[in-house]
$ cat run_26.txt   # compact mmCIF, C-alpha atoms
# COMPACT_ATOMS: atom_id res chain seq x y z
CA MET I 1 114.37 89.23 83.14
CA ALA I 2 114.14 86.90 80.17
CA ALA I 3 111.11 84.70 79.58
CA PHE I 4 111.56 80.99 79.04
CA VAL I 5 111.03 78.67 76.12
CA ILE I 6 108.53 75.91 76.84
CA VAL I 7 109.85 72.35 76.68
CA ASP I 8 108.26 69.56 78.77
CA LYS I 9 106.01 70.01 81.84
CA LYS I 10 108.77 69.38 84.40
CA THR I 11 111.07 71.88 82.71
CA GLN I 12 108.20 74.34 82.31
CA ILE I 13 107.51 74.22 86.07
CA SER I 14 111.20 74.59 86.91
CA GLN I 15 111.54 77.55 84.54
CA ALA I 16 108.41 79.19 86.01
CA CYS I 17 109.91 78.92 89.51
CA GLN I 18 113.24 80.35 88.38
CA SER I 19 111.53 83.16 86.45
CA GLY I 20 109.25 83.93 89.41
CA GLU I 21 112.22 84.25 91.76
CA GLU I 22 114.08 86.52 89.36
CA PHE I 23 110.97 88.63 88.74
CA ALA I 24 110.27 89.05 92.49
CA ARG I 25 113.87 90.09 93.17
CA ILE I 26 113.73 92.74 90.44
CA TYR I 27 110.18 93.88 91.25
CA TYR I 28 110.65 94.47 94.98
CA GLU I 29 114.06 96.08 94.46
CA LYS I 30 112.46 98.56 92.04
CA PHE I 31 109.41 99.01 94.28
CA ASP I 32 111.59 99.89 97.29
CA LYS I 33 114.50 101.74 95.62
CA GLN I 34 113.52 102.83 92.09
CA ARG I 35 109.77 103.21 92.16
CA HIS I 36 109.84 105.71 89.30
CA LEU I 37 110.86 102.79 87.02
CA ILE I 38 108.39 100.15 88.21
CA SER I 39 105.76 100.86 85.56
CA ASN I 40 108.23 99.52 82.95
CA LEU I 41 107.54 96.03 84.31
CA TYR I 42 103.82 96.28 83.41
CA GLU I 43 102.04 95.48 80.17
CA GLN I 44 100.70 98.64 78.49
CA SER I 45 97.14 97.58 79.38
CA GLY I 46 98.12 96.00 82.74
CA ASN I 47 96.04 96.44 85.87
CA VAL I 48 96.61 96.62 89.60
CA VAL I 49 94.19 96.03 92.45
CA TRP I 50 95.85 97.55 95.53
CA ASN I 51 93.80 96.84 98.65
CA GLY I 52 90.61 97.23 96.63
CA ASN I 53 91.79 100.26 94.60
CA TYR I 54 91.73 99.47 90.87
CA VAL I 55 94.28 101.10 88.54
CA THR I 56 94.63 100.28 84.85
CA GLY I 57 97.24 101.20 82.25
CA ARG I 58 101.02 101.39 82.61
CA GLU I 59 101.13 105.17 82.95
CA ASN I 60 98.38 105.29 85.61
CA ILE I 61 100.03 102.44 87.52
CA GLY I 62 103.31 104.38 87.60
CA LYS I 63 101.53 107.50 88.86
CA PHE I 64 99.67 105.50 91.53
CA PHE I 65 102.83 103.87 92.88
CA GLN I 66 104.55 107.27 93.03
CA THR I 67 101.89 108.41 95.54
CA LEU I 68 102.88 105.70 98.04
CA PRO I 69 105.45 106.47 100.75
CA ALA I 70 108.96 104.99 100.68
CA SER I 71 109.00 101.30 101.60
CA GLU I 72 111.10 98.34 102.71
CA SER I 73 109.85 94.91 101.58
CA ASP I 74 110.88 91.58 103.05
CA LEU I 75 109.64 88.46 101.23
CA LEU I 76 108.88 85.41 103.36
CA SER I 77 107.46 83.10 100.69
CA LEU I 78 107.24 82.92 96.95
CA ASP I 79 105.51 80.52 94.56
CA ALA I 80 105.38 80.49 90.77
CA GLN I 81 103.39 78.22 88.47
CA PRO I 82 103.02 78.06 84.71
CA ILE I 83 99.53 78.61 83.33
CA LEU I 84 98.35 75.85 80.98
CA ASP I 85 98.48 76.84 77.31
CA GLU I 86 94.81 76.04 76.75
CA PHE I 87 93.82 78.85 79.14
CA VAL I 88 96.03 81.52 77.57
CA GLN I 89 95.85 80.63 73.87
CA GLY I 90 99.44 79.37 73.88
CA GLN I 91 100.87 82.62 75.31
CA THR I 92 103.69 81.84 77.78
CA THR I 93 102.21 82.94 81.13
CA ILE I 94 103.03 82.34 84.81
CA LEU I 95 101.34 83.11 88.10
CA VAL I 96 103.62 84.42 90.86
CA HIS I 97 102.41 84.67 94.44
CA ALA I 98 104.54 86.53 97.03
CA ALA I 99 103.99 87.07 100.75
CA GLY I 100 106.01 88.95 103.32
CA ASN I 101 106.29 92.07 105.40
CA ILE I 102 106.36 95.65 104.22
CA LYS I 103 107.13 98.84 106.08
CA PHE I 104 106.08 102.18 104.66
CA SER I 105 107.75 105.34 105.91
CA GLY I 106 106.03 106.50 109.10
CA LYS I 107 103.98 103.30 109.46
CA ASN I 108 104.36 100.00 111.32
CA ARG I 109 105.57 96.91 109.48
CA CYS I 110 102.67 94.79 108.27
CA LYS I 111 102.10 91.53 106.43
CA PHE I 112 101.06 91.46 102.79
CA SER I 113 100.41 89.10 99.92
CA GLU I 114 100.63 89.87 96.23
CA SER I 115 99.78 87.88 93.11
CA PHE I 116 101.10 88.65 89.63
CA LEU I 117 100.04 87.25 86.29
CA LEU I 118 103.05 87.57 83.99
CA THR I 119 103.19 87.09 80.25
CA ALA I 120 106.21 86.77 77.96
CA LYS I 121 106.56 89.62 75.49
CA GLN I 122 109.09 90.00 72.70
CA GLY I 123 111.49 92.87 73.40
CA ASN I 124 114.57 94.25 71.67
CA ASP I 125 116.79 91.80 73.53
CA GLY I 126 114.54 88.73 73.43
CA SER I 127 111.50 87.76 75.47
CA VAL I 128 110.81 89.56 78.74
CA TRP I 129 108.13 89.22 81.41
CA ARG I 130 105.42 91.86 81.70
CA VAL I 131 102.81 92.14 84.46
CA VAL I 132 99.30 91.74 83.09
CA SER I 133 97.57 91.72 86.47
CA ASP I 134 98.76 92.53 90.01
CA THR I 135 96.69 92.09 93.18
CA PHE I 136 98.12 93.40 96.49
CA ARG I 137 96.52 92.99 99.90
CA PHE I 138 97.56 93.94 103.44
CA HIS I 139 96.89 91.26 106.03
CA GLU I 140 95.07 92.97 108.86
CA PRO I 141 93.64 91.40 112.01
CA ILE I 142 89.93 90.77 112.01
CA PRO I 143 88.20 93.27 114.32
CA THR I 144 86.76 91.61 117.42

$ encode --input "run_26.txt" --output "structure tokens"
Amino acid sequence: MAAFVIVDKKTQISQACQSGEEFARIYYEKFDKQRHLISNLYEQSGNVVWNGNYVTGRENIGKFFQTLPASESDLLSLDAQPILDEFVQGQTTILVHAAGNIKFSGKNRCKFSESFLLTAKQGNDGSVWRVVSDTFRFHEPIPT
């Protein structure tokens, strides 16, 4: 999941969309089938807000996700946008928003939305995306 090199605005937007799609494919595949590896996608100091539950740090995030039952995710929409350099001190960063359905073992399928703030980090094999912030929310009907 290589990060992109910034060129012009149009190319930057196109690369953000392509990177967001690739990230979402990898993320939800790991979440559903290889959850023990998902923490590798997070920045060391990353954070997750999962339906109001705050978890910080790669190791704690991995432990938290391991407590969740097995799942099947189905994305219905995905959007990715580059973050302007002036807001992130020139660090290559994108916002990815996903929405879909998820079914946890023993539970009914329900709608969800999730937003990721990704930043490019230099790895052994070039730049890779790391999750800085992740916010997940179930969509539940309003009680009447």

$ residues_around --input "run_26.txt" --residues "I:Leu118" --least-positions-apart "6" --cutoff "10 Å" --atoms "all atoms listed in the file" --output "MDAnalysis selection string"
chainID I and resid 3 19:20 23 41:43 46 82:83 92:96 128:134

$ residues_around --input "run_26.txt" --residues "I:Ser45" --least-positions-apart "3" --cutoff "7 Å" --atoms "all atoms listed in the file" --output "PyMOL selection string"
chain I and resi 56-58

$ closest_residue --input "run_26.txt" --among "I:Asn40, I:Ser77, I:Asn60, I:Ser71" --to "I:Glu21" --atoms "only C-alpha atoms"
I:Ser77

$ atom_distance --input "run_26.txt" --atom1 "atom CA of I:Val48" --atom2 "atom CA of I:Ala24"
15.9 Å

$ closest_residue --input "run_26.txt" --among "I:Ile38, I:Ala80, I:Ala120, I:Leu75" --to "I:Gln18" --atoms "all atoms listed in the file"
I:Ala80

$ decode --input "run_26.txt" --residues "stretch 61-77 of chain I" --atoms "N, CA, C and O atoms" --output "PDB file, in the first residue's frame"
ATOM      1  N   ILE I  61      -4.706  -0.913  20.230  1.00  0.00           N
ATOM      2  CA  ILE I  61      -5.679  -1.033  19.134  1.00  0.00           C
ATOM      3  C   ILE I  61      -5.783  -2.488  18.696  1.00  0.00           C
ATOM      4  O   ILE I  61      -6.876  -3.025  18.529  1.00  0.00           O
ATOM      5  N   GLY I  62      -4.634  -3.143  18.534  1.00  0.00           N
ATOM      6  CA  GLY I  62      -4.633  -4.561  18.154  1.00  0.00           C
ATOM      7  C   GLY I  62      -5.366  -5.415  19.171  1.00  0.00           C
ATOM      8  O   GLY I  62      -6.178  -6.276  18.814  1.00  0.00           O
ATOM      9  N   LYS I  63      -5.108  -5.169  20.448  1.00  0.00           N
ATOM     10  CA  LYS I  63      -5.783  -5.929  21.514  1.00  0.00           C
ATOM     11  C   LYS I  63      -7.287  -5.675  21.489  1.00  0.00           C
ATOM     12  O   LYS I  63      -8.080  -6.604  21.657  1.00  0.00           O
ATOM     13  N   PHE I  64      -7.688  -4.413  21.287  1.00  0.00           N
ATOM     14  CA  PHE I  64      -9.114  -4.080  21.252  1.00  0.00           C
ATOM     15  C   PHE I  64      -9.813  -4.815  20.113  1.00  0.00           C
ATOM     16  O   PHE I  64     -10.864  -5.433  20.305  1.00  0.00           O
ATOM     17  N   PHE I  65      -9.243  -4.756  18.916  1.00  0.00           N
ATOM     18  CA  PHE I  65      -9.880  -5.403  17.769  1.00  0.00           C
ATOM     19  C   PHE I  65      -9.965  -6.915  17.937  1.00  0.00           C
ATOM     20  O   PHE I  65     -10.884  -7.551  17.440  1.00  0.00           O
ATOM     21  N   GLN I  66      -9.011  -7.504  18.670  1.00  0.00           N
ATOM     22  CA  GLN I  66      -9.049  -8.947  18.915  1.00  0.00           C
ATOM     23  C   GLN I  66     -10.237  -9.350  19.794  1.00  0.00           C
ATOM     24  O   GLN I  66     -10.665 -10.494  19.771  1.00  0.00           O
ATOM     25  N   THR I  67     -10.788  -8.393  20.566  1.00  0.00           N
ATOM     26  CA  THR I  67     -11.929  -8.715  21.432  1.00  0.00           C
ATOM     27  C   THR I  67     -13.248  -8.749  20.662  1.00  0.00           C
ATOM     28  O   THR I  67     -14.246  -9.234  21.187  1.00  0.00           O
ATOM     29  N   LEU I  68     -13.262  -8.229  19.437  1.00  0.00           N
ATOM     30  CA  LEU I  68     -14.499  -8.196  18.654  1.00  0.00           C
ATOM     31  C   LEU I  68     -14.747  -9.547  17.992  1.00  0.00           C
ATOM     32  O   LEU I  68     -13.802 -10.238  17.608  1.00  0.00           O
ATOM     33  N   PRO I  69     -16.022  -9.926  17.833  1.00  0.00           N
ATOM     34  CA  PRO I  69     -16.326 -11.198  17.178  1.00  0.00           C
ATOM     35  C   PRO I  69     -15.964 -11.165  15.690  1.00  0.00           C
ATOM     36  O   PRO I  69     -15.753 -10.092  15.111  1.00  0.00           O
ATOM     37  N   ALA I  70     -15.898 -12.336  15.089  1.00  0.00           N
ATOM     38  CA  ALA I  70     -15.623 -12.451  13.648  1.00  0.00           C
ATOM     39  C   ALA I  70     -16.639 -11.612  12.873  1.00  0.00           C
ATOM     40  O   ALA I  70     -17.780 -11.433  13.305  1.00  0.00           O
ATOM     41  N   SER I  71     -16.215 -11.089  11.726  1.00  0.00           N
ATOM     42  CA  SER I  71     -17.072 -10.168  10.973  1.00  0.00           C
ATOM     43  C   SER I  71     -17.017 -10.415   9.471  1.00  0.00           C
ATOM     44  O   SER I  71     -16.096 -11.051   8.965  1.00  0.00           O
ATOM     45  N   GLU I  72     -18.028  -9.868   8.797  1.00  0.00           N
ATOM     46  CA  GLU I  72     -18.082  -9.805   7.336  1.00  0.00           C
ATOM     47  C   GLU I  72     -18.478  -8.378   6.987  1.00  0.00           C
ATOM     48  O   GLU I  72     -19.558  -7.926   7.354  1.00  0.00           O
ATOM     49  N   SER I  73     -17.595  -7.666   6.277  1.00  0.00           N
ATOM     50  CA  SER I  73     -17.853  -6.271   5.907  1.00  0.00           C
ATOM     51  C   SER I  73     -18.196  -6.183   4.430  1.00  0.00           C
ATOM     52  O   SER I  73     -17.627  -6.894   3.611  1.00  0.00           O
ATOM     53  N   ASP I  74     -19.112  -5.289   4.118  1.00  0.00           N
ATOM     54  CA  ASP I  74     -19.526  -5.045   2.738  1.00  0.00           C
ATOM     55  C   ASP I  74     -19.585  -3.536   2.533  1.00  0.00           C
ATOM     56  O   ASP I  74     -20.481  -2.877   3.070  1.00  0.00           O
ATOM     57  N   LEU I  75     -18.610  -2.983   1.795  1.00  0.00           N
ATOM     58  CA  LEU I  75     -18.587  -1.536   1.559  1.00  0.00           C
ATOM     59  C   LEU I  75     -19.597  -1.147   0.502  1.00  0.00           C
ATOM     60  O   LEU I  75     -19.720  -1.794  -0.526  1.00  0.00           O
ATOM     61  N   LEU I  76     -20.319  -0.059   0.772  1.00  0.00           N
ATOM     62  CA  LEU I  76     -21.297   0.475  -0.179  1.00  0.00           C
ATOM     63  C   LEU I  76     -20.832   1.784  -0.789  1.00  0.00           C
ATOM     64  O   LEU I  76     -21.224   2.127  -1.889  1.00  0.00           O
ATOM     65  N   SER I  77     -20.015   2.537  -0.049  1.00  0.00           N
ATOM     66  CA  SER I  77     -19.469   3.786  -0.594  1.00  0.00           C
ATOM     67  C   SER I  77     -18.108   4.069   0.024  1.00  0.00           C
ATOM     68  O   SER I  77     -17.808   3.615   1.126  1.00  0.00           O
TER      69      SER I  77
END
